[in-house]
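Have a look at the structure below, then the notes.
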Amino acid sequence: MKKKLVIFGIGKIADVIYYYASSECKLEVAAFCADSEYVNADLFNGLPVVPFNEVEKLYPPYEFDMFIAVGYQDLNRLREKKCAEAMEKGYLLISIISPFCNLPSNVKVGWNCFIMPPAIIHPCTEIKNNVFVWSGAMLAHHSVIHDNCWLTSCCNISGNVTVGANTFIAVNATVGHSVKIGNNCFLGANSLVTKDLLNGGVVIAESSKPIRLTSSQFLRMSNFSSL
């Protein structure tokens, strides 16, 4: 018999995970849990909230699976830590993959992964453990994403790329073909990486500079309103 699910987290990420788990993956979520100092309500999304240090007594791992719905704090190390603690308690960490992702059958996915549609994932790719892939992200053929990574919406990972563990790739960032990204890297929004990046590397694209005109002045001087 399929086990019910307990979600660790009571924040915005857990809100999103709960929607996909219950509405698209048709999983039966029984409860939420969080570290005791963050439990400030009895219910979340209408379900019980229990302290993490007591969860195995109320929702034992032989009857319930768990998913760690935590963000990318400290390059995903907090989520990595909570995954380890949940497994020490005996929980099986499942992955939540929307069926609308139409994942190719030969894509390998580890535990505690979350893949949101409409992510574009090619055949012959591998997503290791505890990796979050948000809507619109593209992961091309023969690429490997190592543990504890976060691929935000609309980032682009070209073919035959390796992304090291605990790496964060922001909105619209692009990694070129056959590039190797090291561990613990940060790729900012709109950044472009076409050469290998060493461990701990940071790539940031310069923000667009605002022009001196106000929006009303700009509209008067441009043809925007006539388009």
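Every chain in the structure tokens takes a letter, A first, then B, and so on in the order presented; its residues are numbered from 1, and the ligands are numbered from 1 following the presented order.
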*Name all residues at most 8 Å from segment 88-99 of chain A (count only C-alpha atoms; drop same-chain ones fewer than 2 positions away) and give them as a list in words.*
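What passes the distance filter is Ile17, Tyr20, Ala21, Glu24, Cys25, Glu56, Pro61, Tyr62, Phe64, Asp65, Met66, Phe67, Ile68, Cys83, Ala84, Glu85, Ala86, Cys101, Asn102, Leu103, Gly110, Trp111, Asn112, Cys113, Phe114, Ile115, Met116 and Pro117 of chain A.
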*asked:* I'd like to know which residues of segment 8-172 of chain A are alpha helix (DSSP H) (by DSSP, run on the backbone); could you write them as a ChimeraX atom specification?
replied: /A:12-19,55-58,73-88
Expected file: the selected residues, C-alpha atoms, as a compact mmCIF listing (two decimals), in the first residue's frame:
```
# COMPACT_ATOMS: atom_id res chain seq x y z
CA LYS A 12 6.27 29.44 0.66
CA ILE A 13 8.30 26.55 -0.76
CA ALA A 14 6.20 24.06 1.20
CA ASP A 15 3.08 25.79 -0.14
CA VAL A 16 4.23 25.17 -3.72
CA ILE A 17 5.32 21.60 -3.01
CA TYR A 18 1.98 20.82 -1.37
CA TYR A 19 0.08 21.98 -4.45
CA VAL A 55 7.32 13.65 14.01
CA GLU A 56 8.37 9.98 14.04
CA LYS A 57 6.20 9.34 17.11
CA LEU A 58 3.06 10.73 15.47
CA GLN A 73 19.51 28.91 1.97
CA ASP A 74 23.30 28.66 2.28
CA LEU A 75 23.54 27.10 -1.19
CA ASN A 76 21.01 24.41 -0.30
CA ARG A 77 22.98 23.22 2.74
CA LEU A 78 20.03 23.67 5.08
CA ARG A 79 17.89 21.41 2.91
CA GLU A 80 20.79 18.94 2.67
CA LYS A 81 21.05 18.91 6.47
CA LYS A 82 17.32 18.30 6.99
CA CYS A 83 17.38 15.48 4.43
CA ALA A 84 20.13 13.77 6.42
CA GLU A 85 18.23 14.21 9.68
CA ALA A 86 15.01 12.82 8.18
CA MET A 87 16.82 9.76 6.84
CA GLU A 88 18.42 9.23 10.24
```
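Near segment 186-199 of chain A, within 9 Å and counting only C-alpha atoms, sit Leu75, Cys155, Gly164, Thr167, Phe168, Ile169, Ala170, Val171, Asn172, Ala173, Thr174, Val175, Gly176, His177, Ser178, Val179, Lys180, Ile181, Ile204, Ala205 and Glu206 of chain A; same-chain residues fewer than 5 positions away were not included.
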Can I get the selected residues back with C-alpha atoms, as a compact mmCIF listing (two decimals), in the first residue's frame?
```
# COMPACT_ATOMS: atom_id res chain seq x y z
CA LEU A 75 23.54 27.10 -1.19
CA CYS A 155 17.66 28.83 -16.73
CA GLY A 164 28.57 20.34 -9.20
CA THR A 167 25.14 25.01 -6.87
CA PHE A 168 22.48 27.66 -7.43
CA ILE A 169 21.55 28.73 -10.97
CA ALA A 170 19.34 31.81 -11.14
CA VAL A 171 16.63 32.96 -13.54
CA ASN A 172 17.67 33.06 -17.22
CA ALA A 173 21.25 31.99 -16.53
CA THR A 174 22.78 29.99 -19.38
CA VAL A 175 25.53 27.35 -19.29
CA GLY A 176 27.19 26.50 -22.62
CA HIS A 177 27.75 23.09 -24.16
CA SER A 178 30.13 20.67 -22.36
CA VAL A 179 30.93 23.16 -19.58
CA LYS A 180 31.78 21.85 -16.12
CA ILE A 181 30.44 23.86 -13.17
CA ILE A 204 27.04 37.80 -11.97
CA ALA A 205 25.58 39.71 -14.92
CA GLU A 206 25.59 43.49 -14.54
```
*Those in segment 107-220 of chain A with strand (DSSP E) from DSSP, as a PyMOL selection string*: chain A and resi 108-109+114-115+120-121+126-127+132-133+138-139+144-145+150-151+156-157+162-163+168-169+174-175+180-181+186-187+192-193+202-203
*Top pick for closest residue to Leu43 of chain A, considering A:Ile10, A:Glu28, A:Asn160, A:Leu213 and counting only C-alpha atoms*: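 Nearest to Leu43 of chain A: A:Ile10.
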_Distance in Å - atom CA of Val109 of chain A versus atom CA of Ala140 of chain A_ =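 Atom CA of Ala140 of chain A lies at a distance of 14.5 Å from atom CA of Val109 of chain A.
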*Work out how far atom CA of Trp134 of chain A is from atom CA of Gly71 of chain A, in Å to one decimal.*
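Atom-to-atom, atom CA of Gly71 of chain A to atom CA of Trp134 of chain A, that is 11.9 Å.
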*Residues within 12 Å of Asn40 of chain A, only C-alpha atoms, excluding chain neighbours under 5 positions, as a count of residues only*: 9
*asked:* I'd like to know which of A:Ser105, A:Val133, A:Ser158, A:Lys2 is closest to Lys26 of chain A, using only C-alpha atoms.
replied: A:Lys2
*Take atom CA of Gly201 of chain A and atom CA of Asn183 of chain A and report the distance between them in Å, one decimal.*
8.2 Å
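Across A:Pro60, A:Ala41, A:Tyr72, A:Ser23, the tightest approach to Lys4 of chain A is made by A:Pro60 when counting only C-alpha atoms.
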